[in-house]
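Listing of work.csv, CSV, C-alpha atoms
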chain,number,residue,atom,x,y,z
A,1,MET,CA,0.0,0.0,0.0
A,2,GLY,CA,2.9,2.4,0.8
A,3,GLN,CA,3.8,2.4,-2.9
A,4,LYS,CA,0.2,3.0,-4.2
A,5,VAL,CA,-0.9,5.8,-1.9
A,6,ASN,CA,0.4,9.4,-2.2
A,7,PRO,CA,2.3,9.8,1.1
A,8,VAL,CA,1.2,13.5,1.4
A,9,GLY,CA,-2.5,12.7,0.8
A,10,PHE,CA,-2.3,9.7,3.2
A,11,ARG,CA,-1.2,12.1,6.0
A,12,LEU,CA,-3.6,15.0,5.3
A,13,GLY,CA,-5.1,16.2,8.6
A,14,VAL,CA,-2.5,14.1,10.6
A,15,ASN,CA,0.7,16.1,10.0
A,16,LYS,CA,0.1,17.6,6.6
A,17,GLY,CA,-2.1,20.6,5.7
A,18,TRP,CA,-4.1,21.5,2.5
A,19,LYS,CA,-2.3,23.4,-0.3
A,20,SER,CA,-5.5,25.4,-1.0
A,21,VAL,CA,-7.6,26.8,1.8
A,22,TRP,CA,-11.1,28.0,0.9
A,23,TYR,CA,-14.8,27.0,0.8
A,24,ALA,CA,-17.1,27.2,-2.2
A,25,ASP,CA,-20.6,25.9,-3.0
A,26,LYS,CA,-21.5,23.5,-5.7
A,27,ALA,CA,-22.0,26.2,-8.4
A,28,THR,CA,-18.6,27.9,-8.1
A,29,TYR,CA,-16.4,25.1,-6.8
A,30,SER,CA,-15.2,23.8,-10.3
A,31,ASN,CA,-14.4,27.4,-11.5
A,32,LEU,CA,-12.3,28.1,-8.4
A,33,LEU,CA,-10.5,24.8,-8.6
A,34,GLU,CA,-9.7,25.5,-12.3
A,35,SER,CA,-8.4,28.9,-11.5
A,36,ASP,CA,-6.2,27.5,-8.7
A,37,LEU,CA,-4.7,25.0,-11.1
A,38,GLU,CA,-4.0,27.7,-13.7
A,39,ALA,CA,-2.3,29.9,-11.1
A,40,ARG,CA,-0.1,27.0,-9.9
A,41,LYS,CA,0.8,26.1,-13.5
A,42,PHE,CA,1.6,29.8,-14.2
A,43,ILE,CA,3.8,30.2,-11.1
A,44,LYS,CA,5.7,27.0,-11.7
A,45,LYS,CA,6.4,28.1,-15.3
A,46,ASN,CA,7.5,31.6,-14.5
A,47,LEU,CA,9.5,30.8,-11.3
A,48,LYS,CA,11.3,27.8,-12.7
A,49,ASN,CA,14.7,29.3,-12.0
A,50,ALA,CA,13.8,30.2,-8.4
A,51,GLY,CA,13.4,26.6,-7.1
A,52,VAL,CA,9.7,26.5,-6.1
A,53,HIS,CA,9.2,24.4,-2.9
A,54,ASP,CA,5.5,25.1,-2.1
A,55,ILE,CA,2.5,27.1,-3.4
A,56,LYS,CA,-0.4,27.8,-0.9
A,57,ILE,CA,-3.6,29.5,-2.1
A,58,LYS,CA,-6.0,31.1,0.5
A,59,ARG,CA,-9.2,32.7,-0.6
A,60,SER,CA,-11.5,35.1,1.3
A,61,MET,CA,-14.6,37.0,0.0
A,62,ASN,CA,-13.0,38.9,-2.8
A,63,ARG,CA,-9.3,38.5,-2.2
A,64,ILE,CA,-6.7,35.8,-3.0
A,65,ARG,CA,-3.6,35.3,-0.9
A,66,ILE,CA,-0.8,33.3,-2.6
A,67,GLU,CA,2.2,32.2,-0.5
A,68,VAL,CA,5.1,30.9,-2.7
A,69,THR,CA,8.1,29.3,-0.9
A,70,VAL,CA,11.2,29.3,-3.0
A,71,ALA,CA,14.9,28.5,-2.7
A,72,ARG,CA,16.1,31.7,-4.3
A,73,PRO,CA,13.8,34.6,-3.5
A,74,GLY,CA,16.2,37.2,-5.1
A,75,VAL,CA,15.3,35.7,-8.5
A,76,VAL,CA,11.6,36.3,-7.9
A,77,ILE,CA,11.8,39.8,-6.3
A,78,GLY,CA,14.2,41.2,-9.0
A,79,ARG,CA,16.0,44.6,-8.9
A,80,GLY,CA,14.1,47.0,-6.7
A,81,GLY,CA,11.1,44.6,-6.4
A,82,ALA,CA,10.3,44.9,-10.2
A,83,GLY,CA,10.1,41.1,-10.6
A,84,ILE,CA,7.5,40.6,-7.9
A,85,GLU,CA,5.4,43.5,-9.1
A,86,GLU,CA,5.3,42.2,-12.6
A,87,LEU,CA,4.4,38.7,-11.4
A,88,LYS,CA,1.6,40.1,-9.2
A,89,LYS,CA,0.2,42.1,-12.2
A,90,LYS,CA,0.2,39.0,-14.4
A,91,LEU,CA,-1.6,37.0,-11.6
A,92,ASN,CA,-4.2,39.8,-11.2
A,93,ASP,CA,-4.9,39.6,-15.0
A,94,LEU,CA,-5.0,35.8,-15.0
A,95,LEU,CA,-7.3,35.4,-11.9
A,96,LYS,CA,-9.3,38.6,-12.6
A,97,THR,CA,-9.1,39.7,-9.0
A,98,ASN,CA,-6.8,41.4,-6.5
A,99,VAL,CA,-3.9,39.0,-5.6
A,100,ASP,CA,-1.9,39.4,-2.4
A,101,LEU,CA,1.4,37.7,-3.3
A,102,GLN,CA,3.9,36.7,-0.6
A,103,ILE,CA,7.4,35.2,-1.4
A,104,LEU,CA,8.9,33.1,1.4
A,105,GLU,CA,12.4,31.5,1.6
A,106,ILE,CA,13.0,27.8,2.4
A,107,LYS,CA,15.9,27.5,4.8
A,108,ARG,CA,17.1,24.1,3.6
A,109,PRO,CA,16.3,23.6,-0.1
A,110,GLU,CA,18.4,20.3,-0.1
A,111,THR,CA,15.7,18.7,2.2
A,112,SER,CA,12.7,19.5,-0.1
A,113,ALA,CA,11.4,16.6,-2.2
A,114,ARG,CA,10.1,19.0,-4.9
A,115,ILE,CA,13.5,20.8,-5.3
A,116,ILE,CA,15.4,17.5,-5.3
A,117,ALA,CA,13.0,16.1,-8.0
A,118,GLN,CA,13.5,19.3,-10.1
A,119,ASN,CA,17.3,19.1,-9.8
A,120,VAL,CA,17.2,15.5,-10.9
A,121,ALA,CA,14.9,16.3,-13.9
A,122,GLU,CA,17.1,19.2,-15.1
A,123,GLN,CA,20.2,17.0,-15.0
A,124,LEU,CA,18.5,14.0,-16.7
A,125,GLU,CA,17.4,16.4,-19.5
A,126,ARG,CA,21.1,17.2,-19.9
A,127,ARG,CA,21.8,13.5,-20.3
A,128,VAL,CA,23.6,13.0,-16.9
A,129,VAL,CA,23.5,9.4,-15.6
A,130,PRO,CA,20.7,8.9,-13.0
A,131,LYS,CA,23.0,7.1,-10.6
A,132,TYR,CA,25.4,10.1,-10.4
A,133,VAL,CA,22.6,12.6,-10.0
A,134,ALA,CA,20.7,10.7,-7.3
A,135,SER,CA,23.8,10.0,-5.3
A,136,ARG,CA,24.8,13.7,-5.3
A,137,GLU,CA,21.2,14.8,-4.2
A,138,ILE,CA,21.1,12.1,-1.5
A,139,GLU,CA,24.6,13.2,-0.2
A,140,ASN,CA,23.4,16.9,0.0
A,141,ALA,CA,20.3,15.9,1.9
A,142,ARG,CA,22.3,13.7,4.2
A,143,ASN,CA,24.9,16.5,5.0
A,144,SER,CA,22.0,18.9,6.0
A,145,GLY,CA,21.6,16.8,9.2
A,146,GLU,CA,17.8,17.3,9.1
A,147,VAL,CA,16.7,14.2,7.3
A,148,ASN,CA,16.5,10.5,8.5
A,149,GLY,CA,16.1,9.0,5.0
A,150,VAL,CA,15.9,9.8,1.3
A,151,ARG,CA,14.5,7.6,-1.5
A,152,ILE,CA,14.8,8.4,-5.2
A,153,TRP,CA,13.3,6.3,-8.0
A,154,VAL,CA,13.9,7.0,-11.7
A,155,SER,CA,11.8,5.1,-14.2
A,156,GLY,CA,11.8,4.9,-18.0
A,157,ARG,CA,14.2,4.2,-20.8
A,158,ILE,CA,17.4,4.9,-18.8
A,159,LYS,CA,20.5,5.6,-20.9
A,160,GLY,CA,18.2,5.2,-24.0
A,161,VAL,CA,17.8,1.4,-23.7
A,162,GLU,CA,14.8,-0.3,-25.4
A,163,ILE,CA,13.2,-1.8,-22.3
A,164,ALA,CA,12.1,0.6,-19.6
A,165,ARG,CA,13.2,-0.1,-16.0
A,166,THR,CA,13.2,1.6,-12.6
A,167,GLU,CA,16.5,2.5,-10.8
A,168,LYS,CA,16.1,2.9,-7.1
A,169,PHE,CA,18.4,4.8,-4.7
A,170,GLN,CA,18.0,5.1,-1.0
A,171,TRP,CA,19.8,6.2,2.2
A,172,GLY,CA,18.4,5.8,5.7
A,173,THR,CA,14.8,4.7,6.5
A,174,VAL,CA,11.6,5.9,4.8
A,175,PRO,CA,8.6,4.4,6.8
A,176,LEU,CA,5.7,4.9,4.4
A,177,GLN,CA,3.1,3.1,6.7
A,178,THR,CA,3.8,5.2,9.8
A,179,LEU,CA,1.2,8.0,9.9
A,180,ARG,CA,3.1,10.2,12.4
A,181,ALA,CA,6.2,10.1,10.1
A,182,ASP,CA,6.8,13.4,8.4
A,183,ILE,CA,7.4,12.4,4.8
A,184,ASP,CA,7.8,15.0,2.0
A,185,TYR,CA,7.0,13.5,-1.4
A,186,TYR,CA,7.0,14.7,-5.0
A,187,TYR,CA,6.6,13.2,-8.5
A,188,LEU,CA,7.8,14.8,-11.7
A,189,THR,CA,8.5,13.8,-15.3
A,190,ALA,CA,11.6,14.7,-17.3
A,191,GLN,CA,11.8,14.8,-21.1
A,192,VAL,CA,15.1,13.2,-21.9
A,193,PRO,CA,16.6,13.5,-25.4
A,194,ASN,CA,16.6,10.2,-27.3
A,195,ALA,CA,15.1,8.4,-24.3
A,196,GLY,CA,11.5,9.8,-24.0
A,197,LYS,CA,9.8,10.6,-20.7
A,198,GLN,CA,11.3,9.5,-17.4
A,199,GLY,CA,9.4,9.6,-14.1
A,200,ILE,CA,11.1,10.8,-10.9
A,201,LYS,CA,9.7,10.0,-7.5
A,202,VAL,CA,11.3,11.5,-4.3
A,203,TRP,CA,10.5,10.7,-0.7
A,204,VAL,CA,12.3,12.6,2.2
A,205,PHE,CA,11.8,11.4,5.8
A,206,LYS,CA,12.2,14.2,8.3
A,207,GLY,CA,11.5,12.3,11.5
A,208,ASP,CA,8.3,11.7,13.5
A,209,LYS,CA,5.9,14.5,14.3
Representation of the structure as C-alpha cells:
Amino acid sequence: MGQKVNPVGFRLGVNKGWKSVWYADKATYSNLLESDLEARKFIKKNLKNAGVHDIKIKRSMNRIRIEVTVARPGVVIGRGGAGIEELKKKLNDLLKTNVDLQILEIKRPETSARIIAQNVAEQLERRVVPKYVASREIENARNSGEVNGVRIWVSGRIKGVEIARTEKFQWGTVPLQTLRADIDYYYLTAQVPNAGKQGIKVWVFKGDK
C-alpha cells in the first residue's frame, strides 16, 4: 500500500495541511478549482529558476492570498522589487481579482522533495547518468543533518535502452506506513533527449511528528 498511496494525501489532517484553503458551494467550486490549477501552473512556469518548494492559495470573500516558498527569493523579487510587481500584475490579470502575493524562503532547499526532483529532472534532461545525479542529491540531503532517510526512483528508458526499468536509490529509513512520520513526497517527469519521458519520485523522511 505504501507504494500506491500518495504519502502526502495519506497524511492530510494528521501532520500535513491542505495546499488550497477556501470554501465554495456546488455552483462555483469547479471554476475556483480550475483557476487554482491555472495559477499554480503559471507560477511553476514563471519561477522555474527560483526553485519553487511550495504554493499555498488562501481565498477570502474577494481576495486571494498566494504564498510561494522558493529556494532563491532574489530571482523572484528582482531589482528593486520589479520582478515581484510584474508577477503580481500577471496573476491579477489571470485570476481577474486582487492577488496578495507573498514570497517566502525555504531555509534548507536540499531537504525539499520537490526541489530534489526538479534538480534530478534538469540534470537528466542534460543526459547526466541517474546514478550520479541521485547519489549527489542524497549526499546533499544527508549532509544537512535534518533528514533521516531519502529515496529516489527514476523510471523509464534509462540511458536510451529499449526496455524501460526503474532504478532505485535510498539512504536511511523511509517508513511509508507510519502516519506520524513526516514524509515529503514529489513526483515529476523529465523529457530526456533520445530516451523519451522518465518519471522521478522522491521521498524525504524528516523524523516523526
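Every protein, DNA or RNA residue with an atom at most 9 Å from range 84-93 of chain A, where all atoms listed in the file count and chain neighbours fewer than 5 positions away do not, is listed here: Ala39, Phe42, Ile43, Asn46, Val76, Ile77, Gly78, Asn98, Val99, Asp100, Leu101 and Ile103 of chain A.
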For the contact check between range 91-149 of chain A and range 175-189 of chain A, emit one row per residue of range 91-149 of chain A within 12 Å, containing the shortest atom pair and the distance in Å rounded to one decimal, counting only C-alpha atoms, chain then rising number order, as a tab-separated table.
residue	atom	partner	partner_atom	distance
A:Thr111	CA	A:Asp184	CA	8.7
A:Ser112	CA	A:Asp184	CA	7.0
A:Ala113	CA	A:Tyr185	CA	5.4
A:Arg114	CA	A:Tyr186	CA	5.3
A:Ile115	CA	A:Tyr186	CA	8.9
A:Ile116	CA	A:Tyr186	CA	8.9
A:Ala117	CA	A:Leu188	CA	6.5
A:Gln118	CA	A:Leu188	CA	7.4
A:Asn119	CA	A:Leu188	CA	10.6
A:Val120	CA	A:Leu188	CA	9.5
A:Ala121	CA	A:Thr189	CA	7.0
A:Glu122	CA	A:Thr189	CA	10.2
A:Leu124	CA	A:Thr189	CA	10.1
A:Glu125	CA	A:Thr189	CA	10.2
A:Glu146	CA	A:Asp182	CA	11.7
A:Val147	CA	A:Ile183	CA	9.8
A:Asn148	CA	A:Ile183	CA	10.0
A:Gly149	CA	A:Pro175	CA	9.0
I'd like the contact shell of Val21 in chain A - 10 Å cut-off, all atoms listed in the file, skipping same-chain residues fewer than 4 positions apart - returned as a PDB file with C-alpha atoms, in the coordinates of the input.
ATOM      1  CA  GLY A  17      -2.100  20.600   5.700  1.00  0.00           C
ATOM      2  CA  LYS A  56      -0.400  27.800  -0.900  1.00  0.00           C
ATOM      3  CA  ILE A  57      -3.600  29.500  -2.100  1.00  0.00           C
ATOM      4  CA  LYS A  58      -6.000  31.100   0.500  1.00  0.00           C
ATOM      5  CA  ARG A  59      -9.200  32.700  -0.600  1.00  0.00           C
ATOM      6  CA  SER A  60     -11.500  35.100   1.300  1.00  0.00           C
ATOM      7  CA  ARG A  65      -3.600  35.300  -0.900  1.00  0.00           C
TER       8      ARG A  65
END
| field | Distance in Å - CA of Glu137 in chain A versus CA of Glu110 in chain A | value |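 Answer for the CA of Glu137 in chain A to CA of Glu110 in chain A separation: 7.4 Å.
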Neighbouring residues of Gln102 in chain A were defined as those with any atom within 9 Å, considering all atoms listed in the file; residues of the same chain fewer than 4 positions away were excluded. Please report them as a PDB file with C-alpha atoms, in the frame of the given file.
ATOM      1  CA  ARG A  65      -3.600  35.300  -0.900  1.00  0.00           C
ATOM      2  CA  ILE A  66      -0.800  33.300  -2.600  1.00  0.00           C
ATOM      3  CA  GLU A  67       2.200  32.200  -0.500  1.00  0.00           C
ATOM      4  CA  VAL A  68       5.100  30.900  -2.700  1.00  0.00           C
ATOM      5  CA  THR A  69       8.100  29.300  -0.900  1.00  0.00           C
TER       6      THR A  69
END
| query | Given the choices A:Gly160, A:Pro193, A:Gly172, A:Pro130, which gets closest to Arg142 in chain A if the distance is worked out from all atoms listed in the file? | reply |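 Of all the options, A:Gly172 lies closest to Arg142 in chain A.
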| said: Please compute the CA of Asp208 in chain A-CA of Val5 in chain A distance, one decimal, in Å. | reply: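 Straight-line distance from CA of Asp208 in chain A to CA of Val5 in chain A works out to 18.9 Å.
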